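Chemist: One file is attached below, work09.cif, containing mmCIF, C-alpha atoms.
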```
data_final
#
loop_
_atom_site.label_atom_id
_atom_site.label_comp_id
_atom_site.auth_asym_id
_atom_site.auth_seq_id
_atom_site.Cartn_x
_atom_site.Cartn_y
_atom_site.Cartn_z
CA MET B 1 -80.01 28.73 -35.96
CA ARG B 2 -76.63 28.42 -37.66
CA ALA B 3 -73.72 30.09 -35.87
CA VAL B 4 -69.94 29.99 -36.06
CA ILE B 5 -68.08 29.70 -32.74
CA ALA B 6 -64.34 30.33 -32.46
CA ALA B 7 -62.87 28.09 -29.75
CA LEU B 8 -59.52 29.10 -28.24
CA PRO B 9 -58.50 26.39 -25.72
CA GLY B 10 -55.27 28.14 -24.74
CA ASP B 11 -52.98 26.88 -21.99
CA GLY B 12 -53.00 24.80 -18.81
CA VAL B 13 -56.47 23.45 -18.04
CA GLY B 14 -57.95 25.53 -20.88
CA PRO B 15 -58.12 22.65 -23.39
CA GLU B 16 -59.77 20.35 -20.80
CA VAL B 17 -62.55 22.73 -19.78
CA VAL B 18 -63.17 23.96 -23.33
CA ALA B 19 -63.62 20.33 -24.44
CA GLU B 20 -66.41 19.88 -21.88
CA ALA B 21 -67.94 23.24 -22.73
CA LEU B 22 -68.11 22.20 -26.40
CA THR B 23 -69.72 18.91 -25.37
CA ALA B 24 -72.40 20.96 -23.61
CA LEU B 25 -72.78 23.20 -26.67
CA ARG B 26 -73.29 20.15 -28.88
CA ALA B 27 -75.93 18.86 -26.44
CA VAL B 28 -77.78 22.18 -26.73
CA ALA B 29 -77.57 22.06 -30.52
CA SER B 30 -79.03 18.55 -30.54
CA ALA B 31 -81.84 19.36 -28.09
CA PHE B 32 -82.92 22.57 -29.80
CA GLY B 33 -82.11 21.82 -33.44
CA HIS B 34 -79.27 24.31 -33.99
CA ASP B 35 -76.17 24.09 -36.17
CA PHE B 36 -73.10 25.35 -34.31
CA ILE B 37 -69.92 25.26 -36.39
CA VAL B 38 -66.80 25.31 -34.22
CA GLY B 39 -63.36 26.37 -35.41
CA GLU B 40 -60.33 26.09 -33.10
CA ALA B 41 -57.26 28.34 -32.99
CA LEU B 42 -54.22 29.07 -30.83
CA ILE B 43 -53.76 31.80 -28.24
CA GLY B 44 -51.38 32.54 -25.35
CA GLY B 45 -48.42 30.31 -24.56
CA ALA B 46 -49.47 27.57 -26.96
CA ALA B 47 -49.52 30.17 -29.74
CA ILE B 48 -46.09 31.50 -28.74
CA ASP B 49 -44.63 28.00 -28.93
CA ALA B 50 -46.16 27.34 -32.35
CA THR B 51 -45.88 30.74 -34.03
CA GLY B 52 -43.86 33.09 -31.83
CA SER B 53 -46.91 35.30 -31.27
CA PRO B 54 -49.48 35.11 -28.42
CA LEU B 55 -52.18 36.23 -30.85
CA PRO B 56 -51.50 34.96 -34.39
CA ALA B 57 -53.19 36.65 -37.33
CA GLU B 58 -55.02 33.38 -38.12
CA THR B 59 -56.60 33.39 -34.65
CA LEU B 60 -57.71 36.99 -34.95
CA GLY B 61 -59.14 36.32 -38.39
CA LEU B 62 -61.19 33.35 -37.14
CA CYS B 63 -62.54 35.40 -34.23
CA ARG B 64 -63.53 38.30 -36.44
CA SER B 65 -65.47 35.99 -38.77
CA ALA B 66 -67.22 34.14 -35.92
CA ASP B 67 -70.49 34.95 -34.18
CA ALA B 68 -68.89 34.45 -30.74
CA VAL B 69 -65.62 33.34 -29.15
CA LEU B 70 -65.13 30.70 -26.41
CA LEU B 71 -61.81 30.92 -24.56
CA GLY B 72 -60.16 28.55 -22.09
CA ALA B 73 -57.22 30.20 -20.31
CA VAL B 74 -53.77 31.60 -21.04
CA GLY B 75 -50.41 31.57 -19.28
CA GLY B 76 -48.24 29.32 -17.15
CA PRO B 77 -44.79 29.07 -15.54
CA LYS B 78 -43.21 28.02 -18.82
CA TRP B 79 -43.68 31.56 -20.12
CA ASP B 80 -43.54 33.36 -16.76
CA ASP B 81 -40.47 35.52 -17.25
CA PRO B 82 -41.39 39.08 -16.18
CA GLY B 83 -38.71 40.46 -18.50
CA ALA B 84 -39.85 38.55 -21.57
CA ARG B 85 -40.75 40.65 -24.59
CA VAL B 86 -43.57 38.27 -25.58
CA ARG B 87 -45.95 36.93 -22.94
CA PRO B 88 -49.16 34.83 -23.08
CA GLU B 89 -51.24 37.54 -21.41
CA GLN B 90 -50.57 39.80 -24.39
CA GLY B 91 -52.78 37.48 -26.40
CA LEU B 92 -55.70 37.99 -24.04
CA LEU B 93 -55.26 41.75 -23.73
CA GLY B 94 -54.73 41.98 -27.48
CA ILE B 95 -57.85 40.08 -28.46
CA ARG B 96 -59.99 42.22 -26.17
CA LYS B 97 -58.59 45.35 -27.75
CA GLU B 98 -58.72 44.11 -31.36
CA LEU B 99 -62.32 42.88 -31.04
CA GLY B 100 -63.49 45.98 -29.15
CA LEU B 101 -64.59 44.01 -26.07
CA PHE B 102 -64.99 46.77 -23.52
CA ALA B 103 -67.48 45.39 -20.96
CA ASN B 104 -66.76 42.28 -18.89
CA LEU B 105 -69.75 40.69 -17.12
CA ARG B 106 -69.10 38.33 -14.20
CA PRO B 107 -72.23 36.98 -12.50
CA VAL B 108 -71.97 35.56 -8.98
CA ARG B 109 -74.84 33.43 -7.73
CA PRO B 110 -73.79 30.92 -5.04
CA HIS B 111 -75.27 27.46 -5.47
CA PRO B 112 -76.65 25.84 -2.30
CA ALA B 113 -74.70 22.65 -3.02
CA LEU B 114 -71.44 24.62 -2.81
CA ALA B 115 -72.15 26.44 0.46
CA ALA B 116 -69.64 24.30 2.36
CA ALA B 117 -66.89 25.26 -0.10
CA SER B 118 -67.20 28.98 0.58
CA PRO B 119 -65.09 30.51 3.38
CA LEU B 120 -68.10 32.66 4.32
CA ARG B 121 -70.80 31.52 6.73
CA PRO B 122 -73.95 30.23 4.94
CA GLU B 123 -76.09 33.08 6.29
CA ARG B 124 -73.80 35.57 4.52
CA LEU B 125 -74.52 33.85 1.19
CA ALA B 126 -78.32 33.88 1.42
CA ASP B 127 -79.90 35.71 -1.55
CA VAL B 128 -76.56 36.68 -3.11
CA ASP B 129 -77.11 37.30 -6.84
CA LEU B 130 -74.88 39.98 -8.33
CA VAL B 131 -73.13 40.86 -11.58
CA VAL B 132 -69.89 42.82 -11.84
CA VAL B 133 -69.48 44.87 -15.02
CA ARG B 134 -65.79 45.66 -15.46
CA GLU B 135 -64.43 48.10 -18.03
CA LEU B 136 -62.00 46.04 -20.04
CA THR B 137 -59.94 48.03 -22.54
CA GLY B 138 -58.89 51.16 -20.67
CA GLY B 139 -57.19 52.11 -17.44
CA ILE B 140 -53.77 51.21 -16.12
CA TYR B 141 -53.47 47.92 -18.03
CA PHE B 142 -53.51 49.76 -21.35
CA GLY B 143 -51.82 53.02 -20.35
CA ALA B 144 -48.30 54.13 -21.25
CA LYS B 145 -45.55 52.15 -19.49
CA SER B 146 -41.91 52.85 -18.89
CA ARG B 147 -38.98 51.52 -16.90
CA GLY B 148 -35.47 52.86 -16.62
CA PRO B 149 -32.69 54.08 -14.36
CA ALA B 150 -33.66 56.37 -11.50
CA PRO B 151 -32.48 59.99 -11.90
CA ASP B 152 -30.28 59.70 -8.82
CA GLY B 153 -28.65 56.56 -10.19
CA ARG B 154 -30.04 54.35 -7.41
CA GLY B 155 -32.06 51.49 -8.84
CA GLU B 156 -34.85 51.91 -11.37
CA VAL B 157 -38.10 53.79 -11.84
CA ALA B 158 -41.16 52.09 -13.34
CA THR B 159 -44.31 53.90 -14.47
CA ASP B 160 -47.78 52.67 -15.44
CA VAL B 161 -50.19 55.41 -16.54
CA CYS B 162 -53.93 55.07 -15.80
CA THR B 163 -56.05 56.90 -18.36
CA TYR B 164 -59.82 57.02 -18.93
CA SER B 165 -61.93 59.05 -21.33
CA THR B 166 -65.53 60.18 -20.92
CA GLN B 167 -66.57 57.98 -23.84
CA GLU B 168 -65.04 54.84 -22.32
CA ILE B 169 -66.86 55.41 -19.06
CA GLU B 170 -70.16 56.27 -20.74
CA ARG B 171 -70.35 53.08 -22.81
CA VAL B 172 -69.62 50.67 -19.96
CA THR B 173 -72.09 52.55 -17.74
CA ARG B 174 -74.77 52.05 -20.38
CA VAL B 175 -74.15 48.30 -20.43
CA ALA B 176 -74.35 48.16 -16.63
CA GLY B 177 -77.41 50.39 -16.53
CA ALA B 178 -79.31 48.30 -19.07
CA LEU B 179 -78.44 45.18 -17.08
CA ALA B 180 -79.62 46.71 -13.79
CA LEU B 181 -82.94 47.71 -15.37
CA ARG B 182 -83.62 44.03 -16.14
CA ARG B 183 -82.63 42.92 -12.67
CA ARG B 184 -83.44 44.60 -9.32
CA GLY B 185 -82.80 48.19 -10.35
CA ARG B 186 -79.71 48.84 -8.22
CA LEU B 187 -76.35 49.98 -9.59
CA THR B 188 -73.19 50.39 -7.51
CA SER B 189 -70.27 52.28 -9.05
CA ILE B 190 -66.86 51.60 -7.52
CA ASP B 191 -63.94 54.01 -7.76
CA LYS B 192 -61.20 55.74 -5.73
CA ALA B 193 -62.46 59.29 -6.22
CA ASN B 194 -60.89 60.54 -3.00
CA VAL B 195 -57.41 60.04 -4.51
CA LEU B 196 -57.43 59.45 -8.28
CA GLU B 197 -58.33 61.98 -10.98
CA THR B 198 -59.49 59.18 -13.29
CA SER B 199 -61.92 58.08 -10.56
CA ARG B 200 -63.26 61.61 -10.19
CA LEU B 201 -64.05 61.63 -13.91
CA TRP B 202 -65.51 58.12 -13.50
CA ARG B 203 -67.86 59.16 -10.70
CA GLN B 204 -68.94 62.35 -12.44
CA THR B 205 -69.66 60.52 -15.72
CA VAL B 206 -71.52 57.58 -14.15
CA THR B 207 -73.68 60.00 -12.15
CA ARG B 208 -74.60 61.96 -15.28
CA VAL B 209 -75.34 58.93 -17.48
CA VAL B 210 -77.56 57.34 -14.84
CA ARG B 211 -79.39 60.62 -14.17
CA GLU B 212 -80.03 61.29 -17.86
CA GLU B 213 -80.55 57.78 -19.24
CA PHE B 214 -81.46 55.49 -16.33
CA PRO B 215 -83.38 57.65 -13.82
CA GLN B 216 -85.29 54.58 -12.58
CA LEU B 217 -82.12 53.10 -11.08
CA GLU B 218 -80.95 53.41 -7.49
CA LEU B 219 -77.30 54.51 -7.77
CA GLU B 220 -74.70 54.04 -5.04
CA HIS B 221 -71.04 55.12 -5.15
CA LEU B 222 -68.42 53.21 -3.12
CA LEU B 223 -64.68 53.63 -2.76
CA VAL B 224 -62.87 50.46 -3.80
CA ASP B 225 -61.45 49.73 -0.35
CA ALA B 226 -64.91 50.00 1.23
CA ALA B 227 -66.37 47.89 -1.57
CA ALA B 228 -63.87 45.12 -0.87
CA MET B 229 -65.09 45.04 2.72
CA HIS B 230 -68.80 45.21 1.89
CA LEU B 231 -68.56 42.39 -0.67
CA LEU B 232 -67.85 40.12 2.30
CA ARG B 233 -69.91 41.95 4.92
CA ARG B 234 -73.16 42.46 2.97
CA PRO B 235 -72.89 40.70 -0.43
CA ALA B 236 -76.65 40.24 -0.82
CA ASP B 237 -77.13 44.02 -0.97
CA PHE B 238 -75.38 44.23 -4.36
CA ASP B 239 -77.21 43.87 -7.66
CA VAL B 240 -75.08 45.25 -10.52
CA ILE B 241 -71.60 46.65 -9.88
CA VAL B 242 -69.75 48.76 -12.46
CA THR B 243 -66.08 49.59 -12.09
CA GLU B 244 -62.82 50.26 -13.91
CA ASN B 245 -60.38 47.68 -15.24
CA MET B 246 -57.95 47.04 -12.40
CA PHE B 247 -60.49 47.37 -9.59
CA GLY B 248 -62.78 44.95 -11.43
CA ASP B 249 -59.97 42.46 -11.94
CA ILE B 250 -59.28 42.35 -8.19
CA LEU B 251 -62.85 42.52 -6.87
CA THR B 252 -64.19 39.77 -9.13
CA ASP B 253 -61.63 37.32 -7.78
CA GLU B 254 -62.73 38.28 -4.27
CA ALA B 255 -66.38 37.87 -5.25
CA SER B 256 -65.63 34.41 -6.64
CA MET B 257 -65.17 33.19 -3.07
CA LEU B 258 -68.84 33.86 -2.44
CA ALA B 259 -69.60 31.06 -4.89
CA GLY B 260 -67.33 28.58 -3.11
CA SER B 261 -64.94 28.03 -6.00
CA ILE B 262 -63.43 30.20 -8.69
CA GLY B 263 -63.90 27.20 -10.97
CA VAL B 264 -67.68 27.61 -11.27
CA LEU B 265 -67.82 31.22 -12.42
CA PRO B 266 -68.25 32.30 -16.06
CA SER B 267 -67.70 35.62 -17.74
CA ALA B 268 -68.69 37.48 -20.88
CA SER B 269 -66.60 40.19 -22.53
CA LEU B 270 -68.92 42.21 -24.75
CA GLY B 271 -68.47 44.77 -27.48
CA ASP B 272 -70.89 46.80 -29.56
CA VAL B 273 -73.66 45.29 -31.64
CA ARG B 274 -72.18 44.58 -35.07
CA PRO B 275 -73.82 46.04 -38.18
CA GLY B 276 -76.67 43.78 -39.23
CA ALA B 277 -76.56 41.80 -35.97
CA ALA B 278 -79.21 41.72 -33.27
CA HIS B 279 -76.93 41.09 -30.29
CA ARG B 280 -73.58 42.14 -28.89
CA PHE B 281 -70.48 40.34 -30.11
CA GLY B 282 -68.54 38.74 -27.29
CA LEU B 283 -65.82 36.50 -25.93
CA PHE B 284 -66.83 34.06 -23.21
CA GLU B 285 -64.48 32.41 -20.72
CA PRO B 286 -64.28 30.98 -17.19
CA ILE B 287 -62.51 33.32 -14.78
CA HIS B 288 -60.28 30.69 -13.13
CA GLY B 289 -57.07 31.00 -15.18
CA SER B 290 -54.82 28.27 -16.53
CA ALA B 291 -54.09 26.38 -13.25
CA PRO B 292 -50.98 24.68 -14.70
CA ASP B 293 -50.40 22.68 -11.49
CA ILE B 294 -53.45 20.51 -12.23
CA ALA B 295 -53.40 20.57 -16.04
CA GLY B 296 -53.83 17.22 -17.75
CA ARG B 297 -54.95 15.42 -14.58
CA GLY B 298 -58.73 15.58 -14.99
CA LEU B 299 -59.09 17.76 -11.87
CA ALA B 300 -60.17 21.05 -13.43
CA ASN B 301 -63.71 22.26 -12.80
CA PRO B 302 -65.51 22.62 -16.16
CA VAL B 303 -68.56 24.39 -14.73
CA GLY B 304 -67.21 27.91 -15.29
CA ALA B 305 -66.52 27.12 -18.95
CA ILE B 306 -69.93 25.44 -19.39
CA LEU B 307 -71.75 28.41 -17.83
CA SER B 308 -69.70 30.65 -20.14
CA VAL B 309 -71.38 28.78 -23.00
CA ALA B 310 -74.73 29.63 -21.41
CA MET B 311 -73.75 33.31 -21.41
CA LEU B 312 -72.63 32.94 -25.05
CA LEU B 313 -76.04 31.56 -25.97
CA ARG B 314 -77.83 34.38 -24.16
CA HIS B 315 -75.75 37.44 -24.99
CA ALA B 316 -74.20 36.69 -28.39
CA LEU B 317 -76.92 34.57 -29.99
CA GLY B 318 -80.08 35.67 -28.16
CA LEU B 319 -80.97 32.07 -27.28
CA GLU B 320 -82.51 32.59 -23.84
CA ALA B 321 -84.33 29.26 -23.53
CA GLU B 322 -81.18 27.39 -24.50
CA ALA B 323 -79.12 29.33 -21.94
CA ARG B 324 -81.64 28.55 -19.21
CA ALA B 325 -81.71 24.88 -20.10
CA LEU B 326 -77.93 24.64 -19.84
CA GLU B 327 -77.87 26.55 -16.53
CA ALA B 328 -80.57 24.25 -15.17
CA ALA B 329 -78.55 21.20 -16.24
CA VAL B 330 -75.57 22.59 -14.31
CA ASP B 331 -77.73 23.27 -11.25
CA ASP B 332 -79.11 19.74 -11.39
CA THR B 333 -75.64 18.23 -11.71
CA LEU B 334 -74.28 20.17 -8.72
CA GLN B 335 -77.36 19.39 -6.65
CA SER B 336 -76.78 15.69 -7.30
CA GLY B 337 -73.38 16.02 -5.63
CA LEU B 338 -71.40 15.49 -8.82
CA MET B 339 -68.53 17.98 -8.68
CA THR B 340 -64.76 18.24 -8.93
CA ALA B 341 -62.43 18.32 -5.93
CA ASP B 342 -62.31 22.11 -5.61
CA ALA B 343 -66.05 22.20 -4.89
CA ALA B 344 -66.77 18.80 -3.33
CA ALA B 345 -67.70 18.62 0.35
CA PRO B 346 -65.05 17.26 2.74
CA GLY B 347 -65.00 13.47 2.56
CA ALA B 348 -67.21 13.33 -0.54
CA ARG B 349 -66.09 11.63 -3.74
CA ALA B 350 -64.70 14.09 -6.26
CA SER B 351 -65.62 13.62 -9.91
CA SER B 352 -63.30 14.20 -12.85
CA THR B 353 -63.51 17.04 -15.35
CA ALA B 354 -64.96 14.69 -17.97
CA GLU B 355 -67.48 13.15 -15.56
CA VAL B 356 -68.93 16.52 -14.62
CA GLY B 357 -69.03 17.64 -18.26
CA ALA B 358 -70.77 14.45 -19.38
CA ALA B 359 -73.31 14.71 -16.55
CA VAL B 360 -74.26 18.25 -17.53
CA ALA B 361 -74.56 17.35 -21.22
CA ALA B 362 -76.74 14.36 -20.40
CA ARG B 363 -79.19 16.58 -18.51
CA VAL B 364 -79.60 19.24 -21.19
CA ALA B 365 -82.29 17.42 -23.20
CA ALA B 366 -84.56 16.96 -20.18
CA HIS B 367 -84.23 20.58 -19.13
CA SER B 368 -84.81 21.84 -22.67
CA VAL B 369 -88.39 20.56 -22.45
CA LEU B 370 -88.92 22.02 -18.98
CA VAL B 371 -87.54 25.44 -19.85
CA ILE B 372 -89.60 25.85 -23.01
CA HIS B 373 -92.77 25.33 -20.97
CA SER B 374 -91.66 27.42 -18.00
CA ALA B 375 -92.78 31.01 -17.61
CA THR B 376 -89.94 31.94 -15.24
CA ALA B 377 -86.21 31.22 -15.21
CA THR B 378 -84.62 29.49 -12.26
CA CYS B 379 -81.20 31.02 -12.94
CA GLY B 380 -79.50 33.62 -15.07
CA LYS B 381 -82.35 36.09 -14.51
CA GLY B 382 -81.94 39.46 -16.08
CA GLU B 383 -78.42 39.00 -17.45
CA TYR B 384 -79.32 39.79 -21.05
CA VAL B 385 -78.11 43.17 -22.33
#
```
Produce structure tokens that represent the structure in this file.

Modeler:
Amino acid sequence: MRAVIAALPGDGVGPEVVAEALTALRAVASAFGHDFIVGEALIGGAAIDATGSPLPAETLGLCRSADAVLLGAVGGPKWDDPGARVRPEQGLLGIRKELGLFANLRPVRPHPALAAASPLRPERLADVDLVVVRELTGGIYFGAKSRGPAPDGRGEVATDVCTYSTQEIERVTRVAGALALRRRGRLTSIDKANVLETSRLWRQTVTRVVREEFPQLELEHLLVDAAAMHLLRRPADFDVIVTENMFGDILTDEASMLAGSIGVLPSASLGDVRPGAAHRFGLFEPIHGSAPDIAGRGLANPVGAILSVAMLLRHALGLEAEARALEAAVDDTLQSGLMTADAAAPGARASSTAEVGAAVAARVAAHSVLVIHSATATCGKGEYV
């Protein structure tokens, strides 16, 4: 296969983890005989410094012409002025909107080698394998905003409007429903329907879409505050979770603690299937953020970015065997004890970003042979939509 990948390293540790993710991608290309052409572009703070815009037209053009996008991270204290007119995060929100990326998938599957790194007891982590599907282009993050003097002259009043349409809820529910059908058949929808009108529309729409289009699924509704509790109390009971933008943003960071480190978790932001394409277009990124305090020191965990490449292979390119081989190489590396400081056991030697990336890439070839001849996947089961 020949495919064009747009790489956006971004800010902070983004360039370091994207470099290792591309090393893994090249290892997959070599093992399976593919031709992946990578073009790099600026986004976020780095783009502001170079062009004045967090999402330059050249970056958007590259992404639109690519088959998939790999992103590092955006933001940092250098650009962290709340009153600034131009901010790095505008690049991330903008690219999601411009590329029509409305469904964010975040799988959480704790690895046994990282059990000691999780704040939860090991028995709580047994059999945890869930995916959060977060609506990405609607809700309070994209609603009308205002800020001005209070009517009584005392201080200010700020307003952020949360808005959802039936169509926005329907399409993300369909992505989550299709995913649940390929997994264990359970879908949990999270809202705040006891308070918010948008959540009442959300619950009503999810119920209807599942009843009409996915009757095989077991559907559960949870209020977001209860869901936050149950993610820690009974995480193994969840299969696929679907929720709105802000709730998903918060809950996925909570869920990352199940895995022991936010540094090992990938994500996929998916849009519609493009005309003439067989798979959904998407942007793939680790969920950990820019971590500017450790940038440039070789401490960043590249696993989340590498597993984001596995999701890219699966969801954007339809290369399931390749995705499984890369996931198996990551599993093997972690099982060997090779991991960065955020995930290493107390007293164990921590490896550098480059050491972990090189170890994963070195294992890809061996696992490519094993995966091709295997009838079942050892990881990443049922994520394809």

Chemist: By how many Å are CA of Ala66 (chain B) and CA of Ile5 (chain B) apart?

Modeler: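 Interatomic distance here is 5.5 Å.
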
Chemist: If we count all atoms listed in the file and set the cut-off at 12 Å, which residues sit around Glu98 (chain B), ignoring sequence neighbours fewer than 5 positions away in its own chain? Please answer as a ChimeraX atom specification.

Modeler: /B:55,57,59-61,63-64,90-93,136-137,271,282-283

Chemist: Which polymer residues have any atom within 6 Å of an atom of region 242-253 of chain B, counting all atoms listed in the file, with same-chain residues fewer than 6 positions away left out, as number ranges by chain?

Modeler: B: 132-136, 139, 189-190

Chemist: Just say which residues the PyMOL selection byres ((chain B and resi 241) around 12) picks in this file, as a PyMOL selection string.

Modeler: chain B and resi 103-108+129-135+172-173+175-177+179-180+183+185-191+206+218-222+224+227-228+231+235+237-240+242-244+247-248+251-252+255

Chemist: For each of B:Asp49, B:Glu355, B:Asp67, B:Asp80, take the minimum atom-to-atom distance to Leu338 (chain B), counting all atoms listed in the file, then give the residue where this is smallest.

Modeler: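 The shortest atom-to-atom distance to Leu338 (chain B) comes from B:Glu355.
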
Chemist: Kindly give the distance, in Å, that separates CA of His367 (chain B) and CA of Pro110 (chain B), rounded to a single decimal.

Modeler: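 Atom-to-atom, CA of His367 (chain B) and CA of Pro110 (chain B) are spaced 20.4 Å apart.
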
Chemist: Report as a list in words the full result of the PyMOL selection byres ((chain B and resi 126) around 10) when it is applied to this structure.

Modeler: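 Applied to this file, the PyMOL selection byres ((chain B and resi 126) around 10) selects Arg109, Pro110, His111, Pro112, Ala115, Arg121, Pro122, Glu123, Arg124, Leu125, Asp127, Val128, Asp129, Pro235 and Ala236 of chain B.
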
Chemist: Only C-alpha atoms, please: the residues just picked out, written as an mmCIF file, keeping the file's coordinate frame.

Modeler:
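Full text of again-v6.cif as output:
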```cif
data_model
loop_
_atom_site.group_PDB
_atom_site.id
_atom_site.type_symbol
_atom_site.label_atom_id
_atom_site.label_comp_id
_atom_site.auth_asym_id
_atom_site.auth_seq_id
_atom_site.Cartn_x
_atom_site.Cartn_y
_atom_site.Cartn_z
ATOM 1 C CA ARG B 109 -74.840 33.430 -7.730
ATOM 2 C CA PRO B 110 -73.790 30.920 -5.040
ATOM 3 C CA HIS B 111 -75.270 27.460 -5.470
ATOM 4 C CA PRO B 112 -76.650 25.840 -2.300
ATOM 5 C CA ALA B 115 -72.150 26.440 0.460
ATOM 6 C CA ARG B 121 -70.800 31.520 6.730
ATOM 7 C CA PRO B 122 -73.950 30.230 4.940
ATOM 8 C CA GLU B 123 -76.090 33.080 6.290
ATOM 9 C CA ARG B 124 -73.800 35.570 4.520
ATOM 10 C CA LEU B 125 -74.520 33.850 1.190
ATOM 11 C CA ASP B 127 -79.900 35.710 -1.550
ATOM 12 C CA VAL B 128 -76.560 36.680 -3.110
ATOM 13 C CA ASP B 129 -77.110 37.300 -6.840
ATOM 14 C CA PRO B 235 -72.890 40.700 -0.430
ATOM 15 C CA ALA B 236 -76.650 40.240 -0.820
#
```

Chemist: Just how far from CA of Asp81 (chain B) is CA of Arg147 (chain B), in Å to one decimal?

Modeler: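 Separation of CA of Arg147 (chain B) and CA of Asp81 (chain B): 16.1 Å.
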
Chemist: What lies within 7 Å of Val38 (chain B) using all atoms listed in the file, ignoring chain neighbours under 6 positions off, as a ChimeraX atom specification?

Modeler: /B:4-7

Chemist: Using all atoms listed in the file, which residue out of B:Arg174, B:Val356, B:Ile48, B:Thr163 lies closest to Ala84 (chain B)?

Modeler: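 Once distances to Ala84 (chain B) are computed over all atoms listed in the file, the minimum belongs to B:Ile48.
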
Chemist: Given all atoms listed in the file as the basis, pick out the residue of B:Ala41, B:Val369, B:Leu70, B:Ala295 nearest to Ala316 (chain B).

Modeler: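 Comparing B:Ala41, B:Val369, B:Leu70, B:Ala295 against Ala316 (chain B), the winner is B:Leu70.
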
Chemist: Assuming the chain letters and numbering stay as they are in my file, what does the PyMOL selection byres ((chain B and resi 76) around 10) actually select? List them as a short mmCIF file (atom, residue, chain, number, x, y, z; two decimals) with C-alpha atoms, in the coordinates of the input.

Modeler:
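Written output follows (part04.cif):
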```cif
data_model
loop_
_atom_site.label_atom_id
_atom_site.label_comp_id
_atom_site.auth_asym_id
_atom_site.auth_seq_id
_atom_site.Cartn_x
_atom_site.Cartn_y
_atom_site.Cartn_z
CA ASP B 11 -52.98 26.88 -21.99
CA GLY B 12 -53.00 24.80 -18.81
CA GLY B 44 -51.38 32.54 -25.35
CA GLY B 45 -48.42 30.31 -24.56
CA ALA B 73 -57.22 30.20 -20.31
CA VAL B 74 -53.77 31.60 -21.04
CA GLY B 75 -50.41 31.57 -19.28
CA PRO B 77 -44.79 29.07 -15.54
CA LYS B 78 -43.21 28.02 -18.82
CA TRP B 79 -43.68 31.56 -20.12
CA ASP B 80 -43.54 33.36 -16.76
CA ASP B 81 -40.47 35.52 -17.25
CA ARG B 87 -45.95 36.93 -22.94
CA PRO B 88 -49.16 34.83 -23.08
CA GLU B 89 -51.24 37.54 -21.41
CA GLY B 289 -57.07 31.00 -15.18
CA SER B 290 -54.82 28.27 -16.53
CA ALA B 291 -54.09 26.38 -13.25
CA PRO B 292 -50.98 24.68 -14.70
CA ASP B 293 -50.40 22.68 -11.49
#
```

Chemist: Can you tell me, as JSON, numbers by chain, what residues are no more than 7 Å from Ala329 (chain B) when counting all atoms listed in the file, ignoring any on the same chain fewer than 4 positions away?

Modeler: {"B": [325, 333, 360, 363, 364, 367]}

Chemist: Export C-alpha atoms of the chosen residues as a short mmCIF file (atom, residue, chain, number, x, y, z; two decimals), in the coordinates of the input?

Modeler:
```cif
data_model
loop_
_atom_site.label_atom_id
_atom_site.label_comp_id
_atom_site.auth_asym_id
_atom_site.auth_seq_id
_atom_site.Cartn_x
_atom_site.Cartn_y
_atom_site.Cartn_z
CA ALA B 325 -81.71 24.88 -20.10
CA THR B 333 -75.64 18.23 -11.71
CA VAL B 360 -74.26 18.25 -17.53
CA ARG B 363 -79.19 16.58 -18.51
CA VAL B 364 -79.60 19.24 -21.19
CA HIS B 367 -84.23 20.58 -19.13
#
```

Chemist: Of the candidates B:Asp35, B:Glu254, B:Glu156, B:Glu285, which shows the shortest atom-to-atom distance to Ser267 (chain B), using all atoms listed in the file?

Modeler: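 The answer is B:Glu285, which sits nearest to Ser267 (chain B).
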